[in-house]
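Data file: structure-v2.txt. Format and content: compact mmCIF, C-alpha atoms.
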```txt
# COMPACT_ATOMS: atom_id res chain seq x y z
CA MET A 1 0.00 0.00 0.00
CA LYS A 2 1.32 3.46 -0.91
CA ILE A 3 0.12 6.75 0.55
CA LEU A 4 -0.11 9.36 -2.20
CA ALA A 5 -0.76 12.51 -0.17
CA ASP A 6 0.45 13.58 3.24
CA MET A 7 -2.71 14.99 4.84
CA HIS A 8 -1.28 16.36 8.08
CA THR A 9 1.64 18.81 8.03
CA HIS A 10 2.57 22.03 9.80
CA THR A 11 4.53 25.09 8.71
CA LEU A 12 6.21 27.90 10.59
CA ALA A 13 2.77 29.47 10.93
CA SER A 14 1.80 26.94 13.60
CA GLY A 15 4.31 28.57 15.93
CA HIS A 16 6.02 25.32 16.93
CA ALA A 17 6.98 23.92 13.51
CA TYR A 18 10.11 24.65 11.55
CA SER A 19 9.61 24.65 7.76
CA THR A 20 7.92 26.75 5.09
CA ILE A 21 5.27 25.61 2.62
CA ASN A 22 7.90 25.56 -0.13
CA GLU A 23 10.20 23.37 1.98
CA LEU A 24 7.36 20.95 2.77
CA ALA A 25 6.38 20.80 -0.91
CA GLN A 26 9.97 20.07 -1.94
CA ALA A 27 10.10 17.25 0.61
CA ALA A 28 6.78 15.90 -0.68
CA ALA A 29 8.08 15.89 -4.25
CA GLN A 30 11.25 14.09 -3.18
CA ALA A 31 9.08 11.49 -1.39
CA GLY A 32 7.10 10.90 -4.59
CA LEU A 33 3.84 12.26 -3.19
CA GLN A 34 1.12 13.66 -5.43
CA GLY A 35 -0.47 15.82 -2.77
CA LEU A 36 0.32 17.73 0.40
CA ALA A 37 -2.20 19.16 2.86
CA ILE A 38 -1.05 22.23 4.78
CA THR A 39 -2.90 21.87 8.08
CA ASP A 40 -1.59 24.48 10.44
CA HIS A 41 -3.28 24.67 13.82
CA GLY A 42 -6.29 26.90 14.27
CA PRO A 43 -5.80 30.23 16.04
CA SER A 44 -6.74 29.06 19.55
CA LEU A 45 -3.67 26.90 20.07
CA PRO A 46 -0.93 28.95 21.77
CA GLY A 47 1.36 30.31 19.07
CA GLY A 48 -1.10 29.50 16.29
CA PRO A 49 -1.79 31.80 13.34
CA HIS A 50 -4.52 34.42 13.15
CA ARG A 51 -7.66 33.44 11.21
CA TYR A 52 -6.43 35.74 8.41
CA HIS A 53 -3.69 33.21 7.72
CA PHE A 54 -6.29 30.72 6.53
CA ASN A 55 -8.13 33.28 4.45
CA ALA A 56 -4.83 34.23 2.80
CA LEU A 57 -4.07 30.64 1.78
CA ARG A 58 -5.76 31.60 -1.50
CA PHE A 59 -2.38 33.10 -2.46
CA VAL A 60 -0.68 29.71 -2.26
CA PRO A 61 -0.35 28.07 -5.71
CA GLN A 62 -2.32 24.90 -6.30
CA ARG A 63 0.89 23.20 -7.37
CA ILE A 64 4.43 23.60 -6.12
CA GLY A 65 7.14 21.46 -7.69
CA GLY A 66 4.51 19.21 -9.24
CA VAL A 67 2.78 18.55 -5.90
CA ARG A 68 -0.89 19.47 -5.48
CA ILE A 69 -1.18 21.72 -2.43
CA LEU A 70 -4.35 21.29 -0.38
CA ARG A 71 -5.14 24.36 1.69
CA GLY A 72 -6.30 23.16 5.05
CA VAL A 73 -6.44 23.49 8.80
CA GLU A 74 -6.19 21.34 11.88
CA ALA A 75 -8.98 23.08 13.75
CA ASN A 76 -9.20 22.95 17.53
CA ILE A 77 -12.32 21.71 19.30
CA MET A 78 -13.17 24.46 21.76
CA ASP A 79 -16.08 23.15 23.84
CA HIS A 80 -18.31 20.15 24.38
CA GLN A 81 -20.80 21.41 21.81
CA GLY A 82 -18.18 20.74 19.15
CA THR A 83 -17.40 24.39 18.35
CA LEU A 84 -14.27 24.87 16.24
CA ASP A 85 -11.91 27.83 16.32
CA LEU A 86 -12.55 28.89 12.71
CA ASP A 87 -15.96 30.08 11.60
CA GLN A 88 -17.99 28.04 9.14
CA PRO A 89 -17.71 30.47 6.16
CA LEU A 90 -13.92 30.30 6.39
CA LEU A 91 -13.96 26.51 6.68
CA GLU A 92 -16.01 26.46 3.47
CA GLU A 93 -13.11 28.14 1.62
CA LEU A 94 -10.56 25.45 2.49
CA ASP A 95 -9.79 22.24 0.61
CA PHE A 96 -9.44 20.13 3.73
CA VAL A 97 -10.58 20.49 7.33
CA MET A 98 -9.42 18.17 10.06
CA ALA A 99 -10.34 18.74 13.68
CA GLY A 100 -9.08 17.38 16.95
CA PHE A 101 -8.67 17.79 20.68
CA HIS A 102 -5.64 19.73 21.85
CA GLU A 103 -4.51 20.74 25.28
CA ASP A 104 -4.71 24.44 26.22
CA CYS A 105 -7.73 24.95 23.97
CA GLY A 106 -10.56 24.95 26.48
CA ILE A 107 -11.26 21.24 27.07
CA CYS A 108 -9.81 19.16 29.89
CA GLY A 109 -10.05 15.71 28.49
CA GLN A 110 -10.63 13.03 31.11
CA ASP A 111 -14.45 12.73 30.82
CA ILE A 112 -14.80 9.86 28.34
CA ASP A 113 -18.55 10.28 27.87
CA ARG A 114 -18.38 14.02 27.20
CA ASN A 115 -15.38 13.60 24.91
CA THR A 116 -17.21 10.96 22.89
CA ARG A 117 -20.38 13.05 22.56
CA THR A 118 -18.29 16.07 21.59
CA LEU A 119 -16.42 14.25 18.83
CA LEU A 120 -19.65 12.79 17.47
CA ALA A 121 -21.01 16.35 17.29
CA VAL A 122 -17.89 17.53 15.45
CA MET A 123 -18.30 14.76 12.89
CA GLU A 124 -21.79 16.07 12.09
CA ASN A 125 -20.16 19.20 10.64
CA PRO A 126 -20.04 18.51 6.87
CA ARG A 127 -16.82 20.51 6.44
CA VAL A 128 -14.90 18.29 8.87
CA LYS A 129 -13.46 15.46 6.78
CA CYS A 130 -11.07 13.95 9.30
CA ILE A 131 -10.51 13.65 13.06
CA SER A 132 -6.88 14.16 13.95
CA HIS A 133 -5.05 11.72 16.26
CA PRO A 134 -8.17 10.27 17.95
CA GLY A 135 -5.95 7.80 19.82
CA ASN A 136 -4.52 10.53 22.08
CA PRO A 137 -4.72 9.08 25.62
CA VAL A 138 -5.12 12.57 27.11
CA PHE A 139 -8.64 12.62 25.63
CA PRO A 140 -10.15 9.15 26.20
CA LEU A 141 -12.99 8.07 23.90
CA ARG A 142 -15.44 5.21 23.47
CA TYR A 143 -13.83 3.98 20.30
CA GLU A 144 -16.60 1.78 18.98
CA GLU A 145 -19.02 4.72 19.14
CA ILE A 146 -16.48 6.97 17.43
CA VAL A 147 -15.83 4.48 14.62
CA MET A 148 -19.55 3.97 14.09
CA GLY A 149 -19.98 7.76 13.99
CA ALA A 150 -17.18 8.07 11.46
CA LEU A 151 -18.84 5.48 9.27
CA ALA A 152 -22.25 7.17 9.53
CA THR A 153 -20.91 10.64 8.67
CA SER A 154 -18.20 9.61 6.18
CA THR A 155 -15.56 11.20 8.39
CA ALA A 156 -12.08 9.71 8.26
CA LEU A 157 -10.21 8.83 11.44
CA GLU A 158 -6.52 9.61 11.31
CA ILE A 159 -3.80 7.11 12.01
CA ASN A 160 -1.09 9.58 12.95
CA ASN A 161 2.45 8.36 12.39
CA SER A 162 3.98 10.74 14.95
CA SER A 163 1.70 9.31 17.64
CA LEU A 164 3.21 5.88 17.00
CA MET A 165 6.84 7.02 17.09
CA SER A 166 6.59 8.44 20.63
CA VAL A 167 7.33 11.84 19.13
CA SER A 168 3.93 13.14 20.24
CA ARG A 169 1.08 11.84 22.40
CA LYS A 170 2.98 9.03 24.11
CA GLY A 171 0.78 6.09 25.00
CA SER A 172 -1.26 6.26 21.78
CA VAL A 173 -0.21 2.96 20.21
CA GLY A 174 -2.73 0.70 21.90
CA ASN A 175 -5.56 3.14 21.29
CA CYS A 176 -4.64 3.52 17.63
CA SER A 177 -4.49 -0.24 17.24
CA GLU A 178 -8.00 -0.54 18.66
CA ILE A 179 -9.29 2.20 16.35
CA ALA A 180 -7.74 0.48 13.34
CA ARG A 181 -9.16 -2.89 14.40
CA LEU A 182 -12.66 -1.43 14.71
CA CYS A 183 -12.31 0.39 11.39
CA ALA A 184 -11.33 -2.89 9.74
CA GLN A 185 -14.30 -4.63 11.33
CA LEU A 186 -16.89 -1.95 10.56
CA GLY A 187 -15.50 -0.52 7.31
CA ALA A 188 -14.93 3.07 8.48
CA PRO A 189 -12.61 5.38 6.50
CA ILE A 190 -9.05 6.09 7.60
CA MET A 191 -6.65 8.89 6.73
CA VAL A 192 -2.90 8.46 7.21
CA GLY A 193 -0.85 11.50 8.20
CA SER A 194 2.74 12.16 9.16
CA ASP A 195 1.97 15.17 11.39
CA ALA A 196 5.27 16.55 10.14
CA HIS A 197 6.47 19.65 11.96
CA ILE A 198 9.61 19.90 9.82
CA ALA A 199 10.25 19.05 6.17
CA GLN A 200 12.20 15.92 7.02
CA GLY A 201 9.04 14.38 8.47
CA VAL A 202 6.92 14.69 5.32
CA GLY A 203 5.87 11.35 3.86
CA ILE A 204 6.98 9.29 6.86
CA PHE A 205 4.21 6.71 7.30
CA GLY A 206 5.97 3.44 8.12
CA ASP A 207 4.61 2.88 11.63
CA ALA A 208 1.08 3.84 10.61
CA LEU A 209 1.10 1.50 7.62
CA LYS A 210 2.35 -1.41 9.73
CA LEU A 211 -0.36 -0.82 12.33
CA ILE A 212 -3.04 -0.65 9.62
CA ALA A 213 -1.80 -3.83 7.98
CA ASP A 214 -1.67 -5.67 11.30
CA ALA A 215 -5.28 -4.63 11.99
CA GLY A 216 -6.46 -6.00 8.64
CA VAL A 217 -7.70 -2.68 7.24
CA ALA A 218 -8.58 -2.93 3.54
CA GLU A 219 -6.76 -0.68 1.07
CA GLY A 220 -10.07 0.75 -0.09
CA GLN A 221 -10.68 2.21 3.38
CA ILE A 222 -7.51 4.32 3.25
CA ILE A 223 -8.68 7.57 1.69
CA ASN A 224 -5.24 8.88 0.72
CA ALA A 225 -3.99 5.59 -0.74
CA SER A 226 -5.77 6.53 -3.99
CA TRP A 227 -5.53 9.96 -5.59
CA GLN A 228 -8.99 9.81 -7.17
CA ARG A 229 -10.50 8.45 -3.96
CA LEU A 230 -9.03 11.40 -2.08
CA LEU A 231 -10.32 13.97 -4.57
CA ASP A 232 -13.79 12.42 -4.48
CA PHE A 233 -13.77 12.29 -0.68
CA LEU A 234 -12.85 15.97 -0.43
CA GLN A 235 -15.18 16.88 -3.31
CA ILE A 236 -12.49 18.87 -5.07
CA GLU A 237 -11.16 18.78 -8.63
CA GLU A 238 -7.69 17.93 -9.89
```
Representation of the structure as structure tokens:
Amino acid sequence: MKILADMHTHTLASGHAYSTINELAQAAAQAGLQGLAITDHGPSLPGGPHRYHFNALRFVPQRIGGVRILRGVEANIMDHQGTLDLDQPLLEELDFVMAGFHEDCGICGQDIDRNTRTLLAVMENPRVKCISHPGNPVFPLRYEEIVMGALATSTALEINNSSLMSVSRKGSVGNCSEIARLCAQLGAPIMVGSDAHIAQGVGIFGDALKLIADAGVAEGQIINASWQRLLDFLQIEE
């Protein structure tokens, strides 16, 4: 199985990442990727960019070095009603919206029932196409309910390679394995992302692909393992 687009990357604009869009695109081209999603954090994360950053993504070329650039965001979930930190009209302008729980953004994550209800509410937002790193142990979830919700709303659940390398969100491996197992069983969609915070991390998916294979996930469930499948899923044109 080959991943054709890295759907989770961060630039200098996130405030705690270390490469530019051009540097990420060059790394994507060198890795043989067809697409690259720029998913800087929403403005509520400390150090994150102002909302104007996302509006100004219209200035970014659709292709850099032969790589299709997808203008996106990793939006922060702000409350238990599923409110995100970018308004809906701005989300409508982006190619790709992923959303996830992050510390220091208004939610303290140990209530498993509230977290689960919140994420199910987020998945009802038609602009949210993917939930980022749902295996984060800081925000426990009822995984079967989440996978069933993902299937019902056609929302992909991310298998985040950085979470599996102990670079971020230590303690995620078992949770991610359970998510992948349930996705394989129920047929829910998965998105693979590097969560690169520097150009050298773009296109690094080895741990995620091994976990997916071990869980028995079918290739057809991996949204970004097919370029046409990805375009159709995001409802965007080449």
Figure out the distance between CA of Tyr52 in chain A and CA of Glu158 in chain A, please, to one decimal in Å.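 So the two atoms, CA of Glu158 in chain A and CA of Tyr52 in chain A, lie 26.3 Å apart.
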Neighbour list for Val60 in chain A as a list in words, cut-off 12 Å, all atoms listed in the file, skip fewer than 2 positions in-chain: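 Here the answer would be Thr20, Ile21, Asn22, Ala25, Ala37, Ile38, His53, Phe54, Asn55, Ala56, Leu57, Arg58, Gln62, Arg63, Ile64, Arg68, Ile69, Leu70, Arg71, Gly72 and Leu94 of chain A.
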Mind giving me the straight-line distance from CA of Lys2 in chain A to CA of Gly187 in chain A in Å, one decimal?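 It comes out at 19.1 Å.
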Quick one: distance from CA of Gly47 in chain A to CA of Arg169 in chain A in Å, one decimal? 18.8 Å
Would you kindly return, as a PyMOL selection string, each protein, DNA or RNA residue with an atom no farther than 9 Å from any atom of range 118-134 of chain A, considering only C-alpha atoms and excluding same-chain residues fewer than 3 positions away? chain A and resi 8+74+77+79-84+88+91-92+94+96-101+113-115+137+139-141+143+145-146+149-150+153-160+163+169+172+175-176+179+190-191+193+233-234
First collect every listed atom of range 65-75 of chain A; then fit an axis-aligned box around them, widen it by 8 Å on each side, and give centre and edge lengths in Å to one decimal, as AutoDock Vina command-line options.
```
--center_x -0.9 --center_y 21.5 --center_z 2.3 --size_x 32.1 --size_y 21.8 --size_z 39.0
```
Pick out the residues sitting within 9 Å of Ala29 in chain A, and hand them over as a ChimeraX atom specification; count all atoms listed in the file, and ignore anything fewer than 5 positions along from it in its own chain. /A:24,34-35,64-67
Nearby residues (all atoms listed in the file) at most 12 Å from Glu237 in chain A, same-chain spacing under 5 positions excluded, as a list in words: Gln62, Arg68, Leu70, Asp95, Trp227, Gln228, Arg229, Leu230, Leu231 and Asp232 of chain A
Selection file, C-alpha atoms, as a PDB file, in the frame of the given file:
```pdb
ATOM      1  CA  GLN A  62      -2.320  24.900  -6.300  1.00  0.00           C
ATOM      2  CA  ARG A  68      -0.890  19.470  -5.480  1.00  0.00           C
ATOM      3  CA  LEU A  70      -4.350  21.290  -0.380  1.00  0.00           C
ATOM      4  CA  ASP A  95      -9.790  22.240   0.610  1.00  0.00           C
ATOM      5  CA  TRP A 227      -5.530   9.960  -5.590  1.00  0.00           C
ATOM      6  CA  GLN A 228      -8.990   9.810  -7.170  1.00  0.00           C
ATOM      7  CA  ARG A 229     -10.500   8.450  -3.960  1.00  0.00           C
ATOM      8  CA  LEU A 230      -9.030  11.400  -2.080  1.00  0.00           C
ATOM      9  CA  LEU A 231     -10.320  13.970  -4.570  1.00  0.00           C
ATOM     10  CA  ASP A 232     -13.790  12.420  -4.480  1.00  0.00           C
TER      11      ASP A 232
END
```
Residues near Gly42 in chain A, cut-off 9 Å, all atoms listed in the file, skip fewer than 6 positions along chain, as a list in words: Ser14, Gly48, Pro49, His50, Arg51, Phe54, Val73, Glu74, Ala75, Asn76, Leu84, Asp85 and Leu86 of chain A
Closest of A:Met1, A:Met7, A:Val147, A:Cys183 to Ala28 in chain A - atom-to-atom distances counting only C-alpha atoms: A:Met7
From the set A:Val167, A:Arg142, A:Asn161, A:Ser177, which residue has the shortest atom-to-atom contact distance to Asp6 in chain A, counting all atoms listed in the file?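 Nearest to Asp6 in chain A: A:Asn161.
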